[in-house]
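The structure appears right after this line, and notes come after that.
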Amino acid sequence: MARDTTDDTLISSFDELVAHMAEGNKPRDKWRIGTEHEKFVFFKKDNSPVPYEGERSIKALLDGMTTMLGWEPIIDAGHIIGLVEPTGQGAISLEPGGQFELSGAPLETIHQTCSESNAHLAQVREIAEPLGIGFLGLGGSPKWTRAETPRMPKSRYDIMTNYMPKVGSQGLDMMYRTCTIQVNLDFSSEADMRRKMQVSMKLQPLSTALFASSPFTEGKPNGLQSWRGDIWRDTDNNRSGQLPFVYSDQFGFADYAEWAMDIPMYFVIRDGHYVDATHVTFRQFMNGALKNELKQPLPTMGDWTNHLSTLFPDVRLKRFLEMRGADGGPWRRICALPAFWVGMLYDESALAEAEALTRDWTLEEVNAMRNEVPRDGLKTLFRGQPMRDMAREALGISRRGLVSRARLNSEGNDESHFLAPLEESVARGTTMAEEMLALYNGRWNQSVEPAFTDYAF
């Protein structure tokens, strides 16, 4: 999320919380694609992490981007912590360990998404080059310890850093040592949201397998293909993972709102200051739990919007759906992730095929995949067959959906060619993580240092 919201509209009923999400309903011709990607920032001379402050720093990058783009700085307690395009069509933000994130504009095609990512990477390279800074596209930090990783001066991250060790063993690694590619997609109605959320929730473990790219920790193989996927197995399981109620035929906005109401909050913002609220749920907040701690203790729509942004299920529901299962990766994969989901979810025939593929999958089966995929990738077994077979079928559905959408570029090509890196991986039967491990044991001579060259943007 680029910046937290300060909408002071008071909430008077539960129905308003539900209506807030339902306001995301859009006709098909208004559906858009919003792609987010994160990258690690490093000094090229020694592959060390870049601090926030200094002449050559994260702050210097943001200052340079401000001048280049003319975007508005996002300030938190006097520190620049991001940029936003003046009309709200995109933002640059910082993750806790200095991971640099582009939250892309809502676009109509994958062609536009890919062009946007390419332009962004060219822009940040132009600012970074004189500073000796590079960017790495992987799902997990391959070299740095948590102690070596810088901390960004962002108020919500201070609250989260204190809270995470209380609710899971890997939350700090999630914050400071992982990167992702995500796509945000629209729905037309509650029924359409239900269909898309059910299909995509069940298929997130496949996304984790297809994008697995985090096999190293602190300079050594970690025994996993997606360390990031494993981290999410014990970050804060009350607000993460699969949501059983999504599997119901009656699932709707109100069910998600009921669940969200009973999750502890991270913060509320009052007079520009972040107040730690990790000791109360949103329901307790609505019932007056903070009346002795806040000058304005009544919940606002800004509080609800911010709370929804601090929930981390495999698919997150706000006024759109966020696909959250993938590791970060190189440029072609930034284009492949939205292509995979748009092909599956934005074409009616493809969505019906995906529903047929996943209809009888149980929560227990999907959780078993989710637990095994970080280690076994495409070799994970589902009903006795390797997930590589499922991947081939799902990619076929997505390809047909993209061909059917028929969104052509100036050369007359549709969007299906953006699936190529995933189709190549499935054809070989190896994930990006397995390819990196082969390099580590071969040309890299059991060192992760070459990753900072071979997988840099």
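A note on labels: chains of the structure tokens are A, B, ... as shown, every chain counts residues from 1, and ligands are counted from 1 in their shown order.
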
Per-residue DSSP, range 154-212 of chain A, filtered to strand (DSSP E or B), as an MDAnalysis selection string: chainID A and resid 178 180:185

Per residue of range 128-212 of chain A within 7 Å of range 363-373 of chain A, record the nearest atom pair and its distance in Å to one decimal, counting only C-alpha atoms, with rows in chain order and ascending residue number, as CSV.
```
residue,atom,partner,partner_atom,distance
A:Lys202,CA,A:Val366,CA,6.1
A:Pro205,CA,A:Arg370,CA,5.1
A:Ala209,CA,A:Val373,CA,5.9
```

Nearest candidate to Ser404 in chain A (options A:Glu423, A:Ser48, A:Leu345, A:Leu439; using only C-alpha atoms):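 Among the listed residues, A:Leu345 lies closest to Ser404 in chain A.
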
Give me, as JSON lines, the closest atom pair and its distance (Å, one decimal) for every residue of range 73-128 of chain A within a cut-off of 8 Å of range 168-188 of chain A, counting only C-alpha atoms, rows sorted by chain and rising number.
```
{"residue": "A:Glu95", "atom": "CA", "partner": "A:Met175", "partner_atom": "CA", "distance": 7.1}
{"residue": "A:Pro96", "atom": "CA", "partner": "A:Tyr176", "partner_atom": "CA", "distance": 5.4}
{"residue": "A:Gly97", "atom": "CA", "partner": "A:Tyr176", "partner_atom": "CA", "distance": 4.3}
{"residue": "A:Gly98", "atom": "CA", "partner": "A:Tyr176", "partner_atom": "CA", "distance": 7.8}
{"residue": "A:Gln99", "atom": "CA", "partner": "A:Cys179", "partner_atom": "CA", "distance": 7.1}
```

Can I get the selected residues back with C-alpha atoms, as an mmCIF file, in the first residue's frame?
```cif
data_model
loop_
_atom_site.group_PDB
_atom_site.id
_atom_site.type_symbol
_atom_site.label_atom_id
_atom_site.label_comp_id
_atom_site.auth_asym_id
_atom_site.auth_seq_id
_atom_site.Cartn_x
_atom_site.Cartn_y
_atom_site.Cartn_z
ATOM 1 C CA GLU A 95 8.713 -1.950 2.264
ATOM 2 C CA PRO A 96 10.213 -2.294 5.773
ATOM 3 C CA GLY A 97 13.704 -3.396 4.679
ATOM 4 C CA GLY A 98 14.027 -0.824 1.910
ATOM 5 C CA GLN A 99 12.439 -2.984 -0.786
#
```

Separation of CA of Gln446 in chain A from CA of Ser207 in chain A, in Å and rounded to one decimal: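 Separation of CA of Gln446 in chain A and CA of Ser207 in chain A: 27.8 Å.
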
Nearby residues (only C-alpha atoms) at most 9 Å from Gly328 in chain A, same-chain spacing under 6 positions excluded, as a PyMOL selection string: chain A and resi 37-39+137-140+178-182+211-214+334

Nearest residue to Phe452 in chain A from the set A:Gly82, A:Gly64, A:Gly252, A:Pro49 (distances using only C-alpha atoms):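 Ranked by minimum distance to Phe452 in chain A, first place goes to A:Pro49.
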
Spatial neighbours of Val448 in chain A, 12 Å, only C-alpha atoms, chain gap at least 3 places, as a VMD selection string: chain A and resid 47 141 to 144 214 to 222 436 to 445 451 to 455

Take the selection from the previous step and output its residues with N, CA and C atoms, as a PDB file, in the first residue's frame.
```pdb
ATOM      1  N   ASN A  47      27.482  -5.757  -3.152  1.00  0.00           N
ATOM      2  CA  ASN A  47      26.181  -6.403  -2.950  1.00  0.00           C
ATOM      3  C   ASN A  47      25.647  -6.235  -1.523  1.00  0.00           C
ATOM      4  N   SER A 141      15.563 -12.302   0.189  1.00  0.00           N
ATOM      5  CA  SER A 141      16.905 -11.720   0.271  1.00  0.00           C
ATOM      6  C   SER A 141      17.930 -12.848   0.351  1.00  0.00           C
ATOM      7  N   PRO A 142      18.815 -12.982  -0.636  1.00  0.00           N
ATOM      8  CA  PRO A 142      19.661 -14.174  -0.698  1.00  0.00           C
ATOM      9  C   PRO A 142      20.892 -14.141   0.206  1.00  0.00           C
ATOM     10  N   LYS A 143      21.220 -12.962   0.744  1.00  0.00           N
ATOM     11  CA  LYS A 143      22.529 -12.819   1.393  1.00  0.00           C
ATOM     12  C   LYS A 143      22.462 -12.216   2.791  1.00  0.00           C
ATOM     13  N   TRP A 144      21.687 -11.154   2.961  1.00  0.00           N
ATOM     14  CA  TRP A 144      21.789 -10.339   4.174  1.00  0.00           C
ATOM     15  C   TRP A 144      21.067 -10.976   5.353  1.00  0.00           C
ATOM     16  N   SER A 214      13.075 -18.079  -4.235  1.00  0.00           N
ATOM     17  CA  SER A 214      13.765 -17.681  -2.998  1.00  0.00           C
ATOM     18  C   SER A 214      14.412 -18.889  -2.317  1.00  0.00           C
ATOM     19  N   PRO A 215      15.411 -19.504  -2.989  1.00  0.00           N
ATOM     20  CA  PRO A 215      16.028 -20.709  -2.438  1.00  0.00           C
ATOM     21  C   PRO A 215      17.248 -20.463  -1.550  1.00  0.00           C
ATOM     22  N   PHE A 216      17.596 -19.186  -1.313  1.00  0.00           N
ATOM     23  CA  PHE A 216      18.792 -18.872  -0.535  1.00  0.00           C
ATOM     24  C   PHE A 216      18.457 -18.000   0.668  1.00  0.00           C
ATOM     25  N   THR A 217      19.138 -18.247   1.768  1.00  0.00           N
ATOM     26  CA  THR A 217      19.078 -17.398   2.954  1.00  0.00           C
ATOM     27  C   THR A 217      20.484 -17.240   3.504  1.00  0.00           C
ATOM     28  N   GLU A 218      20.900 -15.995   3.702  1.00  0.00           N
ATOM     29  CA  GLU A 218      22.202 -15.696   4.296  1.00  0.00           C
ATOM     30  C   GLU A 218      23.331 -16.430   3.584  1.00  0.00           C
ATOM     31  N   GLY A 219      23.228 -16.428   2.226  1.00  0.00           N
ATOM     32  CA  GLY A 219      24.328 -16.919   1.406  1.00  0.00           C
ATOM     33  C   GLY A 219      24.362 -18.407   1.143  1.00  0.00           C
ATOM     34  N   LYS A 220      23.351 -19.144   1.629  1.00  0.00           N
ATOM     35  CA  LYS A 220      23.357 -20.601   1.468  1.00  0.00           C
ATOM     36  C   LYS A 220      21.971 -21.080   1.024  1.00  0.00           C
ATOM     37  N   PRO A 221      21.920 -22.243   0.337  1.00  0.00           N
ATOM     38  CA  PRO A 221      20.605 -22.830   0.061  1.00  0.00           C
ATOM     39  C   PRO A 221      19.862 -23.084   1.366  1.00  0.00           C
ATOM     40  N   ASN A 222      18.564 -22.802   1.358  1.00  0.00           N
ATOM     41  CA  ASN A 222      17.765 -22.942   2.580  1.00  0.00           C
ATOM     42  C   ASN A 222      16.893 -24.200   2.585  1.00  0.00           C
ATOM     43  N   MET A 436      18.236 -21.588 -10.260  1.00  0.00           N
ATOM     44  CA  MET A 436      19.232 -20.853  -9.475  1.00  0.00           C
ATOM     45  C   MET A 436      20.108 -21.806  -8.662  1.00  0.00           C
ATOM     46  N   LEU A 437      19.495 -22.835  -8.109  1.00  0.00           N
ATOM     47  CA  LEU A 437      20.274 -23.815  -7.340  1.00  0.00           C
ATOM     48  C   LEU A 437      21.254 -24.554  -8.236  1.00  0.00           C
ATOM     49  N   ALA A 438      20.844 -24.846  -9.478  1.00  0.00           N
ATOM     50  CA  ALA A 438      21.766 -25.482 -10.429  1.00  0.00           C
ATOM     51  C   ALA A 438      22.938 -24.555 -10.734  1.00  0.00           C
ATOM     52  N   LEU A 439      22.673 -23.258 -10.879  1.00  0.00           N
ATOM     53  CA  LEU A 439      23.752 -22.288 -11.092  1.00  0.00           C
ATOM     54  C   LEU A 439      24.663 -22.218  -9.872  1.00  0.00           C
ATOM     55  N   TYR A 440      24.075 -22.220  -8.687  1.00  0.00           N
ATOM     56  CA  TYR A 440      24.845 -22.157  -7.444  1.00  0.00           C
ATOM     57  C   TYR A 440      25.835 -23.326  -7.364  1.00  0.00           C
ATOM     58  N   ASN A 441      25.346 -24.510  -7.741  1.00  0.00           N
ATOM     59  CA  ASN A 441      26.198 -25.706  -7.675  1.00  0.00           C
ATOM     60  C   ASN A 441      27.086 -25.877  -8.900  1.00  0.00           C
ATOM     61  N   GLY A 442      26.921 -24.976  -9.888  1.00  0.00           N
ATOM     62  CA  GLY A 442      27.727 -25.038 -11.104  1.00  0.00           C
ATOM     63  C   GLY A 442      28.542 -23.771 -11.294  1.00  0.00           C
ATOM     64  N   ARG A 443      28.115 -22.948 -12.239  1.00  0.00           N
ATOM     65  CA  ARG A 443      28.886 -21.769 -12.630  1.00  0.00           C
ATOM     66  C   ARG A 443      29.118 -20.782 -11.485  1.00  0.00           C
ATOM     67  N   TRP A 444      28.174 -20.696 -10.535  1.00  0.00           N
ATOM     68  CA  TRP A 444      28.335 -19.744  -9.434  1.00  0.00           C
ATOM     69  C   TRP A 444      29.340 -20.216  -8.385  1.00  0.00           C
ATOM     70  N   ASN A 445      29.759 -21.478  -8.486  1.00  0.00           N
ATOM     71  CA  ASN A 445      30.790 -22.011  -7.578  1.00  0.00           C
ATOM     72  C   ASN A 445      30.381 -21.863  -6.109  1.00  0.00           C
ATOM     73  N   ALA A 451      24.153 -13.910  -8.208  1.00  0.00           N
ATOM     74  CA  ALA A 451      22.713 -13.619  -8.329  1.00  0.00           C
ATOM     75  C   ALA A 451      22.483 -12.128  -8.489  1.00  0.00           C
ATOM     76  N   PHE A 452      23.349 -11.319  -7.869  1.00  0.00           N
ATOM     77  CA  PHE A 452      23.181  -9.871  -7.917  1.00  0.00           C
ATOM     78  C   PHE A 452      23.518  -9.313  -9.293  1.00  0.00           C
ATOM     79  N   THR A 453      24.130 -10.126 -10.122  1.00  0.00           N
ATOM     80  CA  THR A 453      24.362  -9.744 -11.525  1.00  0.00           C
ATOM     81  C   THR A 453      23.329 -10.409 -12.433  1.00  0.00           C
ATOM     82  N   ASP A 454      23.186 -11.731 -12.272  1.00  0.00           N
ATOM     83  CA  ASP A 454      22.344 -12.505 -13.194  1.00  0.00           C
ATOM     84  C   ASP A 454      20.860 -12.184 -13.036  1.00  0.00           C
ATOM     85  N   TYR A 455      20.409 -11.768 -11.871  1.00  0.00           N
ATOM     86  CA  TYR A 455      18.982 -11.502 -11.650  1.00  0.00           C
ATOM     87  C   TYR A 455      18.700 -10.047 -11.299  1.00  0.00           C
TER      88      TYR A 455
END
```

Minimum-distance residue to Met197 in chain A, chosen among A:Leu243, A:Ala339, A:Ala394, A:Leu381 (using only C-alpha atoms): A:Leu243

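For the residues A:Asp192, A:Asp360, A:Glu116, A:Glu129, ranking by smallest atom-to-atom distance to Val41 in chain A using only C-alpha atoms places A:Glu129 first.
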
All residues 10 Å or closer to Asn25 in chain A, only C-alpha atoms, same chain fewer than 2 positions away omitted, as a ChimeraX atom specification: /A:21-23,27-28,30-31,186-190,192-193,319-320

Please dump the current selection as a short mmCIF file (atom, residue, chain, number, x, y, z; two decimals), in the first residue's frame; keep C-alpha atoms.
```cif
data_model
loop_
_atom_site.label_atom_id
_atom_site.label_comp_id
_atom_site.auth_asym_id
_atom_site.auth_seq_id
_atom_site.Cartn_x
_atom_site.Cartn_y
_atom_site.Cartn_z
CA MET A 21 -16.25 -3.14 -0.26
CA ALA A 22 -19.35 -3.53 -2.46
CA GLU A 23 -18.64 -0.11 -3.92
CA PRO A 27 -19.10 -3.10 -15.13
CA ARG A 28 -16.81 -5.26 -17.25
CA LYS A 30 -14.35 -0.59 -16.37
CA TRP A 31 -12.26 -3.55 -15.15
CA ASP A 186 -11.87 -5.99 -10.37
CA PHE A 187 -15.26 -7.68 -10.06
CA SER A 188 -18.73 -6.75 -11.30
CA SER A 189 -20.90 -7.96 -8.42
CA GLU A 190 -20.85 -9.94 -5.20
CA ASP A 192 -18.56 -12.30 -9.55
CA MET A 193 -16.30 -11.48 -6.59
CA ARG A 319 -12.64 -2.79 -3.37
CA PHE A 320 -10.77 -5.18 -5.64
#
```

Residue list (helix (DSSP H, G or I), DSSP) for range 171-401 of chain A, as a PyMOL selection string: chain A and resi 171-177+190-210+227-234+244-247+253-261+282-286+301-308+331-345+348-358+363-379+387-401

Nearest to Leu107 in chain A by atom-to-atom distance, counting only C-alpha atoms, from A:Pro264, A:Pro330, A:Pro244, A:Pro338: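 Smallest distance to Leu107 in chain A is found for A:Pro338.
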
Exercise: Gly90 in chain A partners within 7 Å, only C-alpha atoms, chain neighbours under 2 positions left out, as an MDAnalysis selection string: chainID A and resid 84:85 88 103:105

Just-selected residues, N, CA and C atoms written as a PDB file, in the first residue's frame:
```pdb
ATOM      1  N   VAL A  84       3.583   9.628  -4.858  1.00  0.00           N
ATOM      2  CA  VAL A  84       2.309   9.286  -5.472  1.00  0.00           C
ATOM      3  C   VAL A  84       2.102  10.163  -6.702  1.00  0.00           C
ATOM      4  N   GLU A  85       1.633   9.548  -7.768  1.00  0.00           N
ATOM      5  CA  GLU A  85       1.308  10.299  -8.983  1.00  0.00           C
ATOM      6  C   GLU A  85       0.158  11.251  -8.653  1.00  0.00           C
ATOM      7  N   GLY A  88      -3.341  10.138  -8.664  1.00  0.00           N
ATOM      8  CA  GLY A  88      -3.588   8.842  -8.035  1.00  0.00           C
ATOM      9  C   GLY A  88      -3.359   7.646  -8.932  1.00  0.00           C
ATOM     10  N   SER A 103       3.603   0.534  -7.184  1.00  0.00           N
ATOM     11  CA  SER A 103       2.184   0.185  -7.239  1.00  0.00           C
ATOM     12  C   SER A 103       1.641   0.839  -8.506  1.00  0.00           C
ATOM     13  N   GLY A 104       1.437   0.021  -9.519  1.00  0.00           N
ATOM     14  CA  GLY A 104       1.139   0.555 -10.835  1.00  0.00           C
ATOM     15  C   GLY A 104      -0.241   1.161 -10.950  1.00  0.00           C
ATOM     16  N   ALA A 105      -0.428   1.932 -12.007  1.00  0.00           N
ATOM     17  CA  ALA A 105      -1.722   2.535 -12.305  1.00  0.00           C
ATOM     18  C   ALA A 105      -2.723   1.457 -12.718  1.00  0.00           C
TER      19      ALA A 105
END
```

All residues 12 Å or closer to Ala356 in chain A, only C-alpha atoms, same chain fewer than 6 positions away omitted, as a ChimeraX atom specification: /A:195,198-199,349-350,393-394,397

Store the residues picked out above, limited to C-alpha atoms, as a short mmCIF file (atom, residue, chain, number, x, y, z; two decimals), in the first residue's frame.
```
data_model
loop_
_atom_site.label_atom_id
_atom_site.label_comp_id
_atom_site.auth_asym_id
_atom_site.auth_seq_id
_atom_site.Cartn_x
_atom_site.Cartn_y
_atom_site.Cartn_z
CA ARG A 195 -16.35 -16.81 -8.17
CA GLN A 198 -12.82 -18.92 -4.75
CA VAL A 199 -10.89 -19.85 -7.89
CA SER A 349 -15.20 -18.99 -20.57
CA ALA A 350 -11.78 -19.20 -18.90
CA GLU A 393 -3.80 -27.17 -17.42
CA ALA A 394 -4.13 -23.80 -15.64
CA ILE A 397 -6.94 -21.94 -19.46
#
```

Residue nearest Leu203 in chain A among A:Gly54, A:Gly325, A:Pro386, A:Gly429 (counting only C-alpha atoms): A:Gly325

One-decimal distance in Å that lies between CA of Arg283 in chain A and CA of Glu16 in chain A: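 Going from CA of Glu16 in chain A over to CA of Arg283 in chain A, I get 13.4 Å.
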
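Computed from the coordinates, the CA of Trp259 in chain A to CA of Gly34 in chain A distance equals 25.2 Å.
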